[in-house]
Amino acid sequence: MTTTESNPTDGTVHGESPAPTGPTSKIDYSERIPNNVNLAGDRKLQRALEGWQPKFLDWWKNLGPSIPTHDVYLRTAIEVGRDGWAHFDRVPMEQYRWGIFLAERDPDRTIPFGQHKGEPAWQEVPGEYRSELRRLIVIQGDTEPASVEQQRHLGMTAPSLYDMRNLFQVNVEEGRHLWAMVYLLQAYFGRDGREEAEELLKRNSGDYDSPRILGAFNEETTDWLAFFMFTYFTDRDGKYQLGTLKESGFDPLARTCTFMLREEAHHMFVGTTGVQRTVQRTAELMKQHGTDDIWDHGGIPLSVIQKYLNFHYSVSLDLFGSETSSNVAAYYSAGLKGRWMETRRKDDHLLTDATMEIPVVEGGAITTRTVPMLTALNYDLRSDYSADCGAGVKKWNKELEAAGLEERLALPHQGFNRKVGAFAGHHVSPTGELIDEATWQAHADEWLPTAEDHARVAALMVPHYEPGEFAGWISPPPVGINNLPVEYDYVRF
Ligand SMILES: [Fe+2]
Ligand SMILES: [Fe+2]
């Protein structure tokens, strides 16, 4: 019923998002704000959220998708259980029912890591960790509307109605993820939570005075190749961050993130298959014309796809922060933010004696240093993320192989084009050589998209709004959404 990302190498760890377990719970759609948290039983909170709702809708009107549409074939969550959680229908986007959906509560859940390991999970915010928890929620919350803002004009150049629908599905769900975080702020953080909820709508992507908190969320998503790379690499950072918050000792946060991950799987799918279909078309054209220079044949050269990949991967690595961080060590020890797949790891979940090798640049070389593992949890998460990213690249390379081409795509070295952490301030080539400024300058245009690349990709972004029609730079998908044909009119104007 739902479209999930499948992954041949490791479906459990790197593919589909973890499924919510336990009994299902229906979402009440008769309420102004659909929810499964018995909002009607808390008048004060209900009023606060109903006060925020029109501001959210204003934000959506002003900074959501800019192309006017009549209706879109979208999925909406109807229950949070393991099966059949989504319902598909045509809806006018502004009437989408954004709401508050938490995974079922497990009454026996205990804190899985840190100094409170084994204690019952917190149902209220522990006073001593209040500001840290609020900060974690605000940072996560800030990324959700940011991506909607970044992608707002893409509908104007959609390569097909199928792709346009997928863009809007991602957009409405990122809007819902904002709701998810705003619910936590308003329900558990009193007045300062309400203030933070307002601020989440006031900061805007790329705004000079009031930008979004994290760098990658202030870059405009200029074209559809950038969108697919963003959903592949940057949404995937989101998946990993949610994966750490889903382990949190603060149970409402854990339950919220568990359900968000369920929705996030589709965003990964859009990125993986979007790049794959682009590569497939590129491979066809390369084969047909015997050259990578396929601009004039309406395709995106593989070398340019590689440059986009280099850019999006490197800025997404920056989102993980420095390799070592005392804040992250404190979050872990306090039981606020765990590791990816925390409960499946076979160690003491305290990490007080564990160590880890991290990369460092020292004496003109890239080497490693051993540090306490607690301080290296950003790097630990980033390593899992990188392995996951590599799985998609393998899939894309299969398209090249199938076309009988020698060329391959590759992830650049972790030190390439970095602004945060051990490699910041150094130049590293995509293959991992430490290089000087002059060498970097001489090659930067071969490694990162140039203004000309962006302009030529933009020139290919001609909209295709007839059902079943696809732009020439991308292959159609093998199947449609929810078992509908590819040529279904997923968006109506
Ligand atoms: Fe999200
Ligand atoms: Fe997402």
# chains A, B, ... in the order shown; residues from 1 in each chain; ligands from 1

call {"tool": "select_by_dssp", "arguments": {"residues": "range 36-124 of chain A", "states": "strand (DSSP E)", "output": "PyMOL selection string"}}
result
chain A and resi 71-77+86-91

call {"tool": "residues_around", "arguments": {"residues": "Asp142 in chain A", "least_positions_apart": "3", "cutoff": "6 Å", "atoms": "only C-alpha atoms", "output": "MDAnalysis selection string"}}
result
chainID A and resid 138:139 200

call {"tool": "closest_residue", "arguments": {"among": "A:Ala40, A:Glu466, A:Val172, A:Lys419", "to": "Phe493 in chain A", "atoms": "only C-alpha atoms"}}
result
A:Glu466

call {"tool": "residues_near_ligand", "arguments": {"ligand": "ligand 1", "cutoff": "8 Å", "atoms": "only C-alpha atoms and all ligand atoms", "output": "VMD selection string"}}
result
chain A and resid 143 to 144 173 to 178 235 238 to 239 260 263 to 264

call {"tool": "write_last_selection", "arguments": {"atoms": "C-alpha atoms", "output": "PDB file, in the first residue's frame"}}
result
ATOM      1  CA  THR A 143      14.826  21.767   9.065  1.00  0.00           C
ATOM      2  CA  GLU A 144      11.288  20.572   8.239  1.00  0.00           C
ATOM      3  CA  GLU A 173       4.903  15.633   4.986  1.00  0.00           C
ATOM      4  CA  GLU A 174       7.721  18.016   5.870  1.00  0.00           C
ATOM      5  CA  GLY A 175       4.940  20.396   6.886  1.00  0.00           C
ATOM      6  CA  ARG A 176       3.532  17.643   9.065  1.00  0.00           C
ATOM      7  CA  HIS A 177       6.951  17.056  10.604  1.00  0.00           C
ATOM      8  CA  LEU A 178       6.903  20.681  11.645  1.00  0.00           C
ATOM      9  CA  ASP A 235      16.711  14.014   3.771  1.00  0.00           C
ATOM     10  CA  GLY A 238      17.229  13.776   8.572  1.00  0.00           C
ATOM     11  CA  LYS A 239      16.511  10.072   8.687  1.00  0.00           C
ATOM     12  CA  MET A 260       8.143  10.461  11.197  1.00  0.00           C
ATOM     13  CA  GLU A 263       6.913   8.880   6.324  1.00  0.00           C
ATOM     14  CA  GLU A 264      10.562   9.643   5.643  1.00  0.00           C
TER      15      GLU A 264
END

call {"tool": "select_by_dssp", "arguments": {"residues": "range 43-265 of chain A", "states": "alpha helix (DSSP H)", "output": "PyMOL selection string"}}
result
chain A and resi 43-63+130-150+161-188+190-202+224-229+235-245+251-265

call {"tool": "residues_around", "arguments": {"residues": "His70 in chain A", "least_positions_apart": "4", "cutoff": "10 Å", "atoms": "only C-alpha atoms", "output": "MDAnalysis selection string"}}
result
chainID A and resid 90:94 491:493

call {"tool": "closest_atom_pairs", "arguments": {"of": "chain A", "to": "ligand 2", "cutoff": "12 Å", "atoms": "only C-alpha atoms and all ligand atoms", "output": "Markdown table"}}
result
| residue | atom | partner | partner_atom_place_in_ligand_line | distance |
| --- | --- | --- | --- | --- |
| A:Ser17 | CA | ligand 2 | 1 (Fe) | 11.9 |
| A:Gln140 | CA | ligand 2 | 1 (Fe) | 11.1 |
| A:Gly141 | CA | ligand 2 | 1 (Fe) | 11.5 |
| A:Thr143 | CA | ligand 2 | 1 (Fe) | 9.2 |
| A:Glu144 | CA | ligand 2 | 1 (Fe) | 7.3 |
| A:Pro145 | CA | ligand 2 | 1 (Fe) | 10.1 |
| A:Ala146 | CA | ligand 2 | 1 (Fe) | 10.7 |
| A:Ser147 | CA | ligand 2 | 1 (Fe) | 8.2 |
| A:Val148 | CA | ligand 2 | 1 (Fe) | 9.7 |
| A:Asn166 | CA | ligand 2 | 1 (Fe) | 11.7 |
| A:Leu167 | CA | ligand 2 | 1 (Fe) | 10.6 |
| A:Phe168 | CA | ligand 2 | 1 (Fe) | 11.6 |
| A:Gln169 | CA | ligand 2 | 1 (Fe) | 9.9 |
| A:Val170 | CA | ligand 2 | 1 (Fe) | 6.4 |
| A:Asn171 | CA | ligand 2 | 1 (Fe) | 8.2 |
| A:Val172 | CA | ligand 2 | 1 (Fe) | 9.9 |
| A:Glu173 | CA | ligand 2 | 1 (Fe) | 7.3 |
| A:Glu174 | CA | ligand 2 | 1 (Fe) | 5.9 |
| A:Gly175 | CA | ligand 2 | 1 (Fe) | 9.7 |
| A:Arg176 | CA | ligand 2 | 1 (Fe) | 10.2 |
| A:His177 | CA | ligand 2 | 1 (Fe) | 8.3 |
| A:Leu178 | CA | ligand 2 | 1 (Fe) | 10.8 |
| A:Phe227 | CA | ligand 2 | 1 (Fe) | 11.6 |
| A:Phe228 | CA | ligand 2 | 1 (Fe) | 11.7 |
| A:Phe230 | CA | ligand 2 | 1 (Fe) | 9.5 |
| A:Thr231 | CA | ligand 2 | 1 (Fe) | 6.9 |
| A:Tyr232 | CA | ligand 2 | 1 (Fe) | 9.4 |
| A:Phe233 | CA | ligand 2 | 1 (Fe) | 10.3 |
| A:Thr234 | CA | ligand 2 | 1 (Fe) | 8.3 |
| A:Asp235 | CA | ligand 2 | 1 (Fe) | 4.7 |
| A:Arg236 | CA | ligand 2 | 1 (Fe) | 7.5 |
| A:Asp237 | CA | ligand 2 | 1 (Fe) | 9.1 |
| A:Gly238 | CA | ligand 2 | 1 (Fe) | 6.5 |
| A:Lys239 | CA | ligand 2 | 1 (Fe) | 7.3 |
| A:Tyr240 | CA | ligand 2 | 1 (Fe) | 10.9 |
| A:Gln241 | CA | ligand 2 | 1 (Fe) | 11.1 |
| A:Leu242 | CA | ligand 2 | 1 (Fe) | 10.2 |
| A:Cys257 | CA | ligand 2 | 1 (Fe) | 11.8 |
| A:Met260 | CA | ligand 2 | 1 (Fe) | 8.5 |
| A:Leu261 | CA | ligand 2 | 1 (Fe) | 8.5 |
| A:Arg262 | CA | ligand 2 | 1 (Fe) | 10.2 |
| A:Glu263 | CA | ligand 2 | 1 (Fe) | 7.6 |
| A:Glu264 | CA | ligand 2 | 1 (Fe) | 4.9 |
| A:Ala265 | CA | ligand 2 | 1 (Fe) | 8.0 |
| A:His266 | CA | ligand 2 | 1 (Fe) | 8.1 |
| A:His267 | CA | ligand 2 | 1 (Fe) | 5.2 |
| A:Met268 | CA | ligand 2 | 1 (Fe) | 7.5 |
| A:Phe269 | CA | ligand 2 | 1 (Fe) | 10.3 |
| A:Val270 | CA | ligand 2 | 1 (Fe) | 9.9 |
| A:Gly271 | CA | ligand 2 | 1 (Fe) | 10.1 |

call {"tool": "closest_atom_pairs", "arguments": {"of": "range 199-282 of chain A", "to": "range 401-416 of chain A", "cutoff": "12 Å", "atoms": "only C-alpha atoms", "output": "Markdown table"}}
result
| residue | atom | partner | partner_atom | distance |
| --- | --- | --- | --- | --- |
| A:Phe233 | CA | A:Leu411 | CA | 11.0 |
| A:Val275 | CA | A:Leu409 | CA | 11.3 |
| A:Gln276 | CA | A:Leu409 | CA | 11.2 |
| A:Val279 | CA | A:Leu409 | CA | 9.6 |
| A:Gln280 | CA | A:Ala403 | CA | 8.3 |
| A:Arg281 | CA | A:Ala403 | CA | 10.0 |
| A:Thr282 | CA | A:Ala403 | CA | 9.9 |

call {"tool": "closest_atom_pairs", "arguments": {"of": "range 244-352 of chain A", "to": "range 420-438 of chain A", "cutoff": "7 Å", "atoms": "only C-alpha atoms", "output": "CSV"}}
result
residue,atom,partner,partner_atom,distance
A:Asp318,CA,A:Val420,CA,5.4
A:Gly321,CA,A:Val420,CA,6.2
A:Ser322,CA,A:Gly421,CA,4.0
A:Glu323,CA,A:Gly421,CA,5.9

call {"tool": "closest_residue", "arguments": {"among": "A:Pro449, A:Pro467, A:Pro65, A:Gly363", "to": "Lys307 in chain A", "atoms": "only C-alpha atoms"}}
result
A:Pro449

call {"tool": "residues_around", "arguments": {"residues": "Tyr385 in chain A", "least_positions_apart": "2", "cutoff": "9 Å", "atoms": "only C-alpha atoms", "output": "list in words"}}
result
His14, Arg236, Asp237, Tyr240, Leu317, Asp380, Leu381, Arg382, Ser383, Ala387, Asp388, Cys389 and Gly390 of chain A

call {"tool": "write_last_selection", "arguments": {"atoms": "C-alpha atoms", "output": "mmCIF file, in the first residue's frame"}}
result
data_model
loop_
_atom_site.group_PDB
_atom_site.id
_atom_site.type_symbol
_atom_site.label_atom_id
_atom_site.label_comp_id
_atom_site.auth_asym_id
_atom_site.auth_seq_id
_atom_site.Cartn_x
_atom_site.Cartn_y
_atom_site.Cartn_z
ATOM 1 C CA HIS A 14 19.818 0.817 5.421
ATOM 2 C CA ARG A 236 18.824 10.998 4.615
ATOM 3 C CA ASP A 237 20.703 13.078 7.171
ATOM 4 C CA TYR A 240 19.673 9.470 10.723
ATOM 5 C CA LEU A 317 28.202 15.516 5.858
ATOM 6 C CA ASP A 380 29.752 7.303 14.531
ATOM 7 C CA LEU A 381 26.422 8.463 13.079
ATOM 8 C CA ARG A 382 28.071 9.994 10.041
ATOM 9 C CA SER A 383 29.859 6.713 9.282
ATOM 10 C CA ALA A 387 27.651 3.516 4.295
ATOM 11 C CA ASP A 388 23.945 4.007 3.600
ATOM 12 C CA CYS A 389 24.710 6.650 0.932
ATOM 13 C CA GLY A 390 27.063 4.217 -0.762
#

call {"tool": "residues_around", "arguments": {"residues": "Glu220 in chain A", "least_positions_apart": "5", "cutoff": "9 Å", "atoms": "only C-alpha atoms", "output": "PyMOL selection string"}}
result
chain A and resi 147+149-151+205-206

call {"tool": "write_last_selection", "arguments": {"atoms": "C-alpha atoms", "output": "CSV table (one decimal), in the first residue's frame"}}
result
chain,number,residue,atom,x,y,z
A,147,SER,CA,13.1,22.2,2.8
A,149,GLU,CA,10.8,26.8,1.4
A,150,GLN,CA,13.8,25.6,-0.6
A,151,GLN,CA,11.7,23.6,-3.0
A,205,SER,CA,15.4,29.6,4.3
A,206,GLY,CA,17.9,31.9,2.9

call {"tool": "atom_distance", "arguments": {"atom1": "CA of Thr76 in chain A", "atom2": "CA of Val182 in chain A"}}
result
18.9 Å

call {"tool": "closest_residue", "arguments": {"among": "A:Leu184, A:Val328, A:Ala48, A:Ile474", "to": "Asp251 in chain A", "atoms": "only C-alpha atoms"}}
result
A:Leu184

call {"tool": "closest_atom_pairs", "arguments": {"of": "range 291-329 of chain A", "to": "range 364-378 of chain A", "cutoff": "6 Å", "atoms": "only C-alpha atoms", "output": "Markdown table"}}
result
| residue | atom | partner | partner_atom | distance |
| --- | --- | --- | --- | --- |
| A:Phe320 | CA | A:Asn378 | CA | 5.9 |
| A:Glu323 | CA | A:Asn378 | CA | 5.6 |
| A:Thr324 | CA | A:Ala376 | CA | 4.6 |
| A:Ser325 | CA | A:Thr375 | CA | 5.2 |
| A:Ser326 | CA | A:Thr375 | CA | 5.5 |
| A:Ala329 | CA | A:Leu374 | CA | 4.8 |

call {"tool": "residues_around", "arguments": {"residues": "Arg134 in chain A", "least_positions_apart": "4", "cutoff": "8 Å", "atoms": "only C-alpha atoms", "output": "ChimeraX atom specification"}}
result
/A:130,138,185,189,193

call {"tool": "write_last_selection", "arguments": {"atoms": "C-alpha atoms", "output": "PDB file, in the first residue's frame"}}
result
ATOM      1  CA  ARG A 130      14.777  20.890  29.740  1.00  0.00           C
ATOM      2  CA  VAL A 138      13.954  23.145  17.758  1.00  0.00           C
ATOM      3  CA  LEU A 185       7.147  22.230  22.113  1.00  0.00           C
ATOM      4  CA  PHE A 189       7.686  23.252  27.193  1.00  0.00           C
ATOM      5  CA  GLY A 193       7.836  26.169  23.806  1.00  0.00           C
TER       6      GLY A 193
END

call {"tool": "decode", "arguments": {"residues": "range 191-231 of chain A", "atoms": "N, CA and C atoms", "output": "PDB file, in the first residue's frame"}}
result
ATOM      1  N   ARG A 191       5.494  28.105  28.076  1.00  0.00           N
ATOM      2  CA  ARG A 191       5.554  29.365  27.362  1.00  0.00           C
ATOM      3  C   ARG A 191       6.730  29.449  26.388  1.00  0.00           C
ATOM      4  N   ASP A 192       7.923  29.023  26.814  1.00  0.00           N
ATOM      5  CA  ASP A 192       9.051  29.122  25.868  1.00  0.00           C
ATOM      6  C   ASP A 192       8.874  28.153  24.694  1.00  0.00           C
ATOM      7  N   GLY A 193       8.155  27.066  24.914  1.00  0.00           N
ATOM      8  CA  GLY A 193       7.836  26.169  23.806  1.00  0.00           C
ATOM      9  C   GLY A 193       6.935  26.866  22.802  1.00  0.00           C
ATOM     10  N   ARG A 194       5.949  27.623  23.311  1.00  0.00           N
ATOM     11  CA  ARG A 194       5.045  28.351  22.404  1.00  0.00           C
ATOM     12  C   ARG A 194       5.817  29.403  21.619  1.00  0.00           C
ATOM     13  N   GLU A 195       6.754  30.055  22.296  1.00  0.00           N
ATOM     14  CA  GLU A 195       7.567  31.070  21.596  1.00  0.00           C
ATOM     15  C   GLU A 195       8.419  30.439  20.507  1.00  0.00           C
ATOM     16  N   GLU A 196       9.016  29.297  20.829  1.00  0.00           N
ATOM     17  CA  GLU A 196       9.828  28.603  19.814  1.00  0.00           C
ATOM     18  C   GLU A 196       8.962  28.205  18.614  1.00  0.00           C
ATOM     19  N   ALA A 197       7.730  27.798  18.876  1.00  0.00           N
ATOM     20  CA  ALA A 197       6.822  27.394  17.789  1.00  0.00           C
ATOM     21  C   ALA A 197       6.572  28.567  16.841  1.00  0.00           C
ATOM     22  N   GLU A 198       6.458  29.767  17.396  1.00  0.00           N
ATOM     23  CA  GLU A 198       6.273  30.964  16.557  1.00  0.00           C
ATOM     24  C   GLU A 198       7.538  31.217  15.733  1.00  0.00           C
ATOM     25  N   GLU A 199       8.691  31.075  16.399  1.00  0.00           N
ATOM     26  CA  GLU A 199       9.966  31.361  15.722  1.00  0.00           C
ATOM     27  C   GLU A 199      10.196  30.411  14.542  1.00  0.00           C
ATOM     28  N   LEU A 200       9.690  29.195  14.665  1.00  0.00           N
ATOM     29  CA  LEU A 200       9.891  28.218  13.584  1.00  0.00           C
ATOM     30  C   LEU A 200       9.248  28.680  12.278  1.00  0.00           C
ATOM     31  N   LEU A 201       8.216  29.527  12.397  1.00  0.00           N
ATOM     32  CA  LEU A 201       7.591  30.062  11.190  1.00  0.00           C
ATOM     33  C   LEU A 201       8.215  31.394  10.778  1.00  0.00           C
ATOM     34  N   LYS A 202       8.937  32.028  11.687  1.00  0.00           N
ATOM     35  CA  LYS A 202       9.523  33.346  11.379  1.00  0.00           C
ATOM     36  C   LYS A 202      10.873  33.236  10.687  1.00  0.00           C
ATOM     37  N   ARG A 203      11.675  32.235  11.100  1.00  0.00           N
ATOM     38  CA  ARG A 203      12.918  32.017  10.365  1.00  0.00           C
ATOM     39  C   ARG A 203      12.551  31.461   8.996  1.00  0.00           C
ATOM     40  N   ASN A 204      13.273  31.890   7.954  1.00  0.00           N
ATOM     41  CA  ASN A 204      12.991  31.364   6.614  1.00  0.00           C
ATOM     42  C   ASN A 204      14.276  31.032   5.892  1.00  0.00           C
ATOM     43  N   SER A 205      14.191  30.005   5.064  1.00  0.00           N
ATOM     44  CA  SER A 205      15.368  29.557   4.320  1.00  0.00           C
ATOM     45  C   SER A 205      15.958  30.680   3.481  1.00  0.00           C
ATOM     46  N   GLY A 206      17.241  30.933   3.675  1.00  0.00           N
ATOM     47  CA  GLY A 206      17.950  31.928   2.878  1.00  0.00           C
ATOM     48  C   GLY A 206      17.680  33.364   3.297  1.00  0.00           C
ATOM     49  N   ASP A 207      16.825  33.577   4.318  1.00  0.00           N
ATOM     50  CA  ASP A 207      16.509  34.934   4.761  1.00  0.00           C
ATOM     51  C   ASP A 207      17.757  35.580   5.362  1.00  0.00           C
ATOM     52  N   TYR A 208      18.052  36.801   4.916  1.00  0.00           N
ATOM     53  CA  TYR A 208      19.281  37.463   5.338  1.00  0.00           C
ATOM     54  C   TYR A 208      19.285  37.721   6.835  1.00  0.00           C
ATOM     55  N   ASP A 209      18.177  38.200   7.358  1.00  0.00           N
ATOM     56  CA  ASP A 209      18.127  38.571   8.783  1.00  0.00           C
ATOM     57  C   ASP A 209      17.785  37.398   9.683  1.00  0.00           C
ATOM     58  N   SER A 210      16.986  36.498   9.177  1.00  0.00           N
ATOM     59  CA  SER A 210      16.492  35.430  10.034  1.00  0.00           C
ATOM     60  C   SER A 210      16.522  34.092   9.289  1.00  0.00           C
ATOM     61  N   PRO A 211      17.736  33.580   9.042  1.00  0.00           N
ATOM     62  CA  PRO A 211      17.863  32.349   8.255  1.00  0.00           C
ATOM     63  C   PRO A 211      17.494  31.110   9.068  1.00  0.00           C
ATOM     64  N   ARG A 212      17.383  29.985   8.401  1.00  0.00           N
ATOM     65  CA  ARG A 212      17.236  28.704   9.079  1.00  0.00           C
ATOM     66  C   ARG A 212      18.538  28.392   9.814  1.00  0.00           C
ATOM     67  N   ILE A 213      18.450  27.503  10.814  1.00  0.00           N
ATOM     68  CA  ILE A 213      19.581  27.313  11.731  1.00  0.00           C
ATOM     69  C   ILE A 213      20.791  26.661  11.034  1.00  0.00           C
ATOM     70  N   LEU A 214      20.545  25.654  10.192  1.00  0.00           N
ATOM     71  CA  LEU A 214      21.653  24.901   9.595  1.00  0.00           C
ATOM     72  C   LEU A 214      21.920  25.327   8.153  1.00  0.00           C
ATOM     73  N   GLY A 215      23.223  25.387   7.820  1.00  0.00           N
ATOM     74  CA  GLY A 215      23.668  25.914   6.529  1.00  0.00           C
ATOM     75  C   GLY A 215      22.989  25.316   5.310  1.00  0.00           C
ATOM     76  N   ALA A 216      22.960  23.997   5.207  1.00  0.00           N
ATOM     77  CA  ALA A 216      22.442  23.345   3.995  1.00  0.00           C
ATOM     78  C   ALA A 216      20.978  23.691   3.755  1.00  0.00           C
ATOM     79  N   PHE A 217      20.293  24.172   4.782  1.00  0.00           N
ATOM     80  CA  PHE A 217      18.870  24.476   4.643  1.00  0.00           C
ATOM     81  C   PHE A 217      18.625  25.928   4.249  1.00  0.00           C
ATOM     82  N   ASN A 218      19.704  26.632   3.935  1.00  0.00           N
ATOM     83  CA  ASN A 218      19.553  27.991   3.424  1.00  0.00           C
ATOM     84  C   ASN A 218      19.920  28.107   1.948  1.00  0.00           C
ATOM     85  N   GLU A 219      20.292  26.981   1.341  1.00  0.00           N
ATOM     86  CA  GLU A 219      20.619  26.974  -0.091  1.00  0.00           C
ATOM     87  C   GLU A 219      19.317  26.742  -0.870  1.00  0.00           C
ATOM     88  N   GLU A 220      19.128  27.465  -1.941  1.00  0.00           N
ATOM     89  CA  GLU A 220      17.933  27.238  -2.747  1.00  0.00           C
ATOM     90  C   GLU A 220      18.091  25.930  -3.536  1.00  0.00           C
ATOM     91  N   THR A 221      17.018  25.158  -3.619  1.00  0.00           N
ATOM     92  CA  THR A 221      17.051  23.963  -4.464  1.00  0.00           C
ATOM     93  C   THR A 221      16.683  24.426  -5.869  1.00  0.00           C
ATOM     94  N   THR A 222      17.695  24.539  -6.733  1.00  0.00           N
ATOM     95  CA  THR A 222      17.527  25.272  -7.983  1.00  0.00           C
ATOM     96  C   THR A 222      16.871  24.465  -9.096  1.00  0.00           C
ATOM     97  N   ASP A 223      17.055  23.173  -9.099  1.00  0.00           N
ATOM     98  CA  ASP A 223      16.525  22.376 -10.202  1.00  0.00           C
ATOM     99  C   ASP A 223      16.212  20.961  -9.704  1.00  0.00           C
ATOM    100  N   TRP A 224      15.649  20.153 -10.567  1.00  0.00           N
ATOM    101  CA  TRP A 224      15.180  18.828 -10.144  1.00  0.00           C
ATOM    102  C   TRP A 224      16.301  17.848  -9.855  1.00  0.00           C
ATOM    103  N   LEU A 225      17.433  17.992 -10.514  1.00  0.00           N
ATOM    104  CA  LEU A 225      18.543  17.115 -10.156  1.00  0.00           C
ATOM    105  C   LEU A 225      18.992  17.448  -8.728  1.00  0.00           C
ATOM    106  N   ALA A 226      19.022  18.743  -8.418  1.00  0.00           N
ATOM    107  CA  ALA A 226      19.364  19.163  -7.049  1.00  0.00           C
ATOM    108  C   ALA A 226      18.322  18.643  -6.053  1.00  0.00           C
ATOM    109  N   PHE A 227      17.047  18.653  -6.453  1.00  0.00           N
ATOM    110  CA  PHE A 227      15.987  18.144  -5.571  1.00  0.00           C
ATOM    111  C   PHE A 227      16.190  16.652  -5.279  1.00  0.00           C
ATOM    112  N   PHE A 228      16.466  15.891  -6.331  1.00  0.00           N
ATOM    113  CA  PHE A 228      16.670  14.452  -6.118  1.00  0.00           C
ATOM    114  C   PHE A 228      17.908  14.200  -5.258  1.00  0.00           C
ATOM    115  N   MET A 229      18.966  14.961  -5.490  1.00  0.00           N
ATOM    116  CA  MET A 229      20.173  14.815  -4.662  1.00  0.00           C
ATOM    117  C   MET A 229      19.873  15.219  -3.219  1.00  0.00           C
ATOM    118  N   PHE A 230      19.082  16.274  -3.066  1.00  0.00           N
ATOM    119  CA  PHE A 230      18.719  16.741  -1.723  1.00  0.00           C
ATOM    120  C   PHE A 230      17.920  15.662  -0.988  1.00  0.00           C
ATOM    121  N   THR A 231      16.908  15.093  -1.660  1.00  0.00           N
ATOM    122  CA  THR A 231      16.107  14.076  -0.970  1.00  0.00           C
ATOM    123  C   THR A 231      16.951  12.827  -0.707  1.00  0.00           C
TER     124      THR A 231
END
